[in-house]
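Written below as structure tokens is the structure these notes are about.
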Amino acid sequence: MSSPAQTQIDDLLKEAVRRLAPVLPVLGELGEIFAAAGHELALVGGPVRDAFLGRCAPDLDLTTSARPEEIEKLTAGWADAQWDVGRAFGTIALRKGADLIEITTYRADSYDHTTRKPTVEFGDDLVADLVRRDFTVNAMALRLPSLEFVDPHGGLADLAARRLDTPGAPEVSFADDPLRMMRAARFVSQIGFDLAPEVRTAMVEMAESLGMVSAERLRDEFTKLMLGADPVAGIRVMVDTGLAERVVPELSALRLEIDEHHRHKDVYEHSLTVLRQAIALESAPDADPDEDAGVVGGVVPGPDLVLRLAALLHDIGKPPTRRFESGGGVSFHHHEVVGAKMTTRRMRALRYDKETTRSVARLVELHLRFHGYGGGEWTDSAVRRYVTDAGPMLSRLHRLTRADCTTRNAKKAARLWRTYDELEARIARLTAEEELKKVRPELDGNDISAILGIPPGPVLGRAYKHLLAFRLDAGPVGKEAAEAELRRWWAEQAECGD
């Protein structure tokens, strides 16, 4: 008689095969081709794991006893397209209809533990290939075409228990490839598993070995973690195990700080709450950003990396700006400016692209701007500046500002929410009246050049910026008033000898 645990595993296997039904004809054909040539073939790793989890895997990963040149020969007349994505590592990719397939020769790699690049050695045994994989839930396979389930390391039992463990000793696995520790944190975010105690212990003891991993690899894993279903859980793993010290050390520093409201929570916990609340404010994944003007607060389709990074990093300027006041209070003056600079440095160190870095840093810099709004005292010109300064980040800034309200005082939270509702309504009204996002001085560069008799250059640029500031302050005034202001400014420059 089967135990309840075994019954659960049997049910999971049946459900996984059912979910794979759409691709089984293709996999079965391919399995027959390899079997006829005397080679083994198996579906392995992520696609198997995701079938058990009810997730859709974008690609099909297979492993085989055939060598790369044999893979190419066997699939040449069957695949619609075929290309080499890593022959040295045994991987050939192909497309059959809408399905993308990667086939990799069995591996029996060795590592010298001074670099994460292995000495590639091809193998001849599926079970030996599975032991080199990062986690037990990724070390399961379905032989093709028989659909025999191969699970030598108890991956399905770990999956049922929602536990992340390694096929062998975790210290050996992480010594072979330290990036696996970041992958562990990423899987916590993506699929909601808990770390096995021995895995967590090994991560704490071996966190420093992330130093041999390139910034680009760390960035890619960190990005995937941030775009997961629960990045807060992944961040906690990084900070608690010491991984964050090697990737985003500013996060660990936040745990040392008491927030300015003395709510007995540190800035670290506040930042995680802001991240969680920002995620809750993301638009549906299929929302159309072009519909921004028709939606209060704009559209930010989730998961949105820029918004999530800004929410996580918005207060990293607090530790270096903390000051204890004479009355017993704590201040963090200009932490948003300092935080924006720190954000830029960290994202550059992780090799993020310039646009993403610029956008996140801008949101960090602007995240406190709303608090100057008070009870609605801003003039229309101040609202115009808020919109213009935010630029294309306005919809994200709306969400970040709202998410940054973590007070436990329900009345205060409701008041802040209503005030921001009012600000958004004013922005919508002014945008409709003046098309704020397209605000330009009422004189262009050619006009300025003709009026002042100056050629294009830095001086003309300064004149243009002055007229833009004048336009934001005064609103639409017409060309005559703009020209009068330009001449007044020009006369002022002459008096100053500029």
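Chain labels follow the order of the structure tokens: the first chain is A, the next B, and so on; residue numbering restarts at 1 in every chain, and ligands are counted from 1 in their shown order.
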Review point. Arg440 (chain A): which residues within 9 Å, counting only C-alpha atoms, same-chain residues fewer than 4 positions away excluded, as a ChimeraX atom specification?
Key: /A:436,444,467-468,471-472
Hey, which bits of region 258-351 of chain A sit within 8 Å of region 230-242 of chain A, and for each residue what's the closest pair of atoms and how far apart in Å (one decimal), counting only C-alpha atoms, rows by chain and increasing number, as JSON lines?
```
{"residue": "A:Leu272", "atom": "CA", "partner": "A:Val232", "partner_atom": "CA", "distance": 6.1}
{"residue": "A:Leu275", "atom": "CA", "partner": "A:Val232", "partner_atom": "CA", "distance": 7.3}
{"residue": "A:Arg276", "atom": "CA", "partner": "A:Val232", "partner_atom": "CA", "distance": 6.9}
```
Put those residues in a file: N, CA, C and O atoms, as an mmCIF file, in the first residue's frame.
```cif
data_model
loop_
_atom_site.group_PDB
_atom_site.id
_atom_site.type_symbol
_atom_site.label_atom_id
_atom_site.label_comp_id
_atom_site.auth_asym_id
_atom_site.auth_seq_id
_atom_site.Cartn_x
_atom_site.Cartn_y
_atom_site.Cartn_z
ATOM 1 N N LEU A 272 11.690 47.004 2.306
ATOM 2 C CA LEU A 272 11.032 45.796 1.816
ATOM 3 C C LEU A 272 9.522 45.991 1.737
ATOM 4 O O LEU A 272 8.867 45.492 0.815
ATOM 5 N N LEU A 275 8.850 48.025 -1.338
ATOM 6 C CA LEU A 275 8.960 47.166 -2.518
ATOM 7 C C LEU A 275 7.691 46.340 -2.691
ATOM 8 O O LEU A 275 7.139 46.255 -3.800
ATOM 9 N N ARG A 276 7.221 45.731 -1.622
ATOM 10 C CA ARG A 276 6.017 44.905 -1.698
ATOM 11 C C ARG A 276 4.803 45.754 -2.137
ATOM 12 O O ARG A 276 4.000 45.330 -2.965
#
```
Exercise for review: Pull the alpha helix (DSSP H) assignments for region 89-149 of chain A out of DSSP run on the backbone, and list those residues as number ranges by chain.
Suggested key: A: 126-131
Write out as a tab-separated table (two decimals) with N, CA and C atoms, in the first residue's frame the residues lying within 9 Å of Leu147 (chain A), counting only C-alpha atoms and excluding same-chain residues fewer than 4 positions away.
```tsv
chain	number	residue	atom	x	y	z
A	17	VAL	N	2.85	15.01	-16.63
A	17	VAL	CA	2.75	14.43	-17.98
A	17	VAL	C	1.56	15.02	-18.71
A	28	GLY	N	8.31	13.04	-28.51
A	28	GLY	CA	8.28	11.63	-28.85
A	28	GLY	C	8.97	11.34	-30.17
A	42	ALA	N	16.64	12.70	-23.12
A	42	ALA	CA	15.74	12.93	-22.00
A	42	ALA	C	15.42	14.41	-21.87
A	43	LEU	N	14.18	14.70	-21.52
A	43	LEU	CA	13.78	16.06	-21.13
A	43	LEU	C	14.29	16.26	-19.70
A	141	ALA	N	14.40	14.08	-14.68
A	141	ALA	CA	14.37	13.92	-16.14
A	141	ALA	C	13.26	12.95	-16.54
A	142	LEU	N	12.83	13.09	-17.78
A	142	LEU	CA	11.90	12.14	-18.41
A	142	LEU	C	12.60	11.57	-19.63
A	143	ARG	N	12.88	10.27	-19.60
A	143	ARG	CA	13.50	9.64	-20.77
A	143	ARG	C	12.53	9.66	-21.94
```
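Separating CA of Ile101 (chain A) from CA of Glu221 (chain A) is a distance of 22.4 Å.
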Check your understanding: Any idea what's packed within 9 Å of Asp404 (chain A), counting only C-alpha atoms, ignoring anything in its chain fewer than 5 positions away? Could you give it as a VMD selection string?
Key -> chain A and resid 270 to 271 273 to 275 277 to 278 311 314 367 399
Check your understanding: Which is closer to Arg55 (chain A) than all the others in A:Leu144, A:Ile191, A:Val137, A:Ile451, using only C-alpha atoms?
Key ->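 Smallest distance to Arg55 (chain A) is found for A:Ile191.
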Check your understanding: What lies within 9 Å of Ala474 (chain A) using only C-alpha atoms, ignoring chain neighbours under 5 positions off, as a PyMOL selection string?
Key -> chain A and resi 380-381+469
Residues just named, written with N, CA and C atoms as an mmCIF file, in the first residue's frame:
```cif
data_model
loop_
_atom_site.group_PDB
_atom_site.id
_atom_site.type_symbol
_atom_site.label_atom_id
_atom_site.label_comp_id
_atom_site.auth_asym_id
_atom_site.auth_seq_id
_atom_site.Cartn_x
_atom_site.Cartn_y
_atom_site.Cartn_z
ATOM 1 N N ASP A 380 0.464 76.048 -9.489
ATOM 2 C CA ASP A 380 0.439 75.291 -10.737
ATOM 3 C C ASP A 380 1.839 75.167 -11.327
ATOM 4 N N SER A 381 2.669 76.200 -11.139
ATOM 5 C CA SER A 381 4.029 76.125 -11.687
ATOM 6 C C SER A 381 4.828 75.028 -10.986
ATOM 7 N N ALA A 469 12.212 77.389 -18.051
ATOM 8 C CA ALA A 469 11.865 77.629 -16.649
ATOM 9 C C ALA A 469 10.780 78.695 -16.536
#
```
Review point. Within 10 Å of Glu72 (chain A), counting only C-alpha atoms, which residues qualify if same-chain residues fewer than 4 places away don't, as an MDAnalysis selection string?
Key: chainID A and resid 66:68 76:77 79 82:84 91:94 103
Check your understanding: Residues of region 262-427 of chain A in strand (DSSP E) according to DSSP, as a PyMOL selection string?
Key -> chain A and resi 323-324+330-331
With N, CA, C and O atoms retained, export the selected residues as a compact mmCIF listing (two decimals), in the first residue's frame.
```
# COMPACT_ATOMS: atom_id res chain seq x y z
N ARG A 323 21.85 61.67 11.12
CA ARG A 323 22.34 62.58 12.15
C ARG A 323 21.41 62.50 13.35
O ARG A 323 20.19 62.51 13.20
N PHE A 324 21.99 62.45 14.55
CA PHE A 324 21.21 62.45 15.78
C PHE A 324 21.04 63.90 16.24
O PHE A 324 22.02 64.61 16.45
N VAL A 330 16.12 61.84 14.88
CA VAL A 330 17.10 61.42 13.88
C VAL A 330 16.73 62.07 12.56
O VAL A 330 15.56 62.10 12.19
N SER A 331 17.71 62.59 11.85
CA SER A 331 17.45 63.22 10.55
C SER A 331 18.28 62.53 9.47
O SER A 331 19.32 61.93 9.76
```
Review point. For Glu29 (chain A), which residue among A:Phe193, A:Tyr268, A:Trp78, A:Phe89 is the nearest when counting only C-alpha atoms?
Key: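 For Glu29 (chain A), the nearest of the candidates is A:Trp78.
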Check your understanding: Quick one: of A:Pro319, A:Gly376, A:Pro476, A:Pro22, who's nearest to Glu433 (chain A), counting only C-alpha atoms?
Key -> A:Pro476
Write out, as a tab-separated table, each residue of region 365-439 of chain A that has an atom at most 12 Å from region 356-359 of chain A, together with the closest pair of atoms and their distance in Å to one decimal, counting only C-alpha atoms, rows going by chain and rising number.
```
residue	atom	partner	partner_atom	distance
A:Glu365	CA	A:Ser359	CA	10.0
A:Leu366	CA	A:Ser359	CA	10.7
A:Asp389	CA	A:Ser359	CA	11.8
A:Ala390	CA	A:Ser359	CA	9.5
A:Gly391	CA	A:Ser359	CA	10.0
A:Pro392	CA	A:Ser359	CA	8.8
A:Met393	CA	A:Ser359	CA	7.0
A:Leu394	CA	A:Ser359	CA	10.7
A:Arg396	CA	A:Ser359	CA	9.7
A:Leu397	CA	A:Ser359	CA	10.4
```
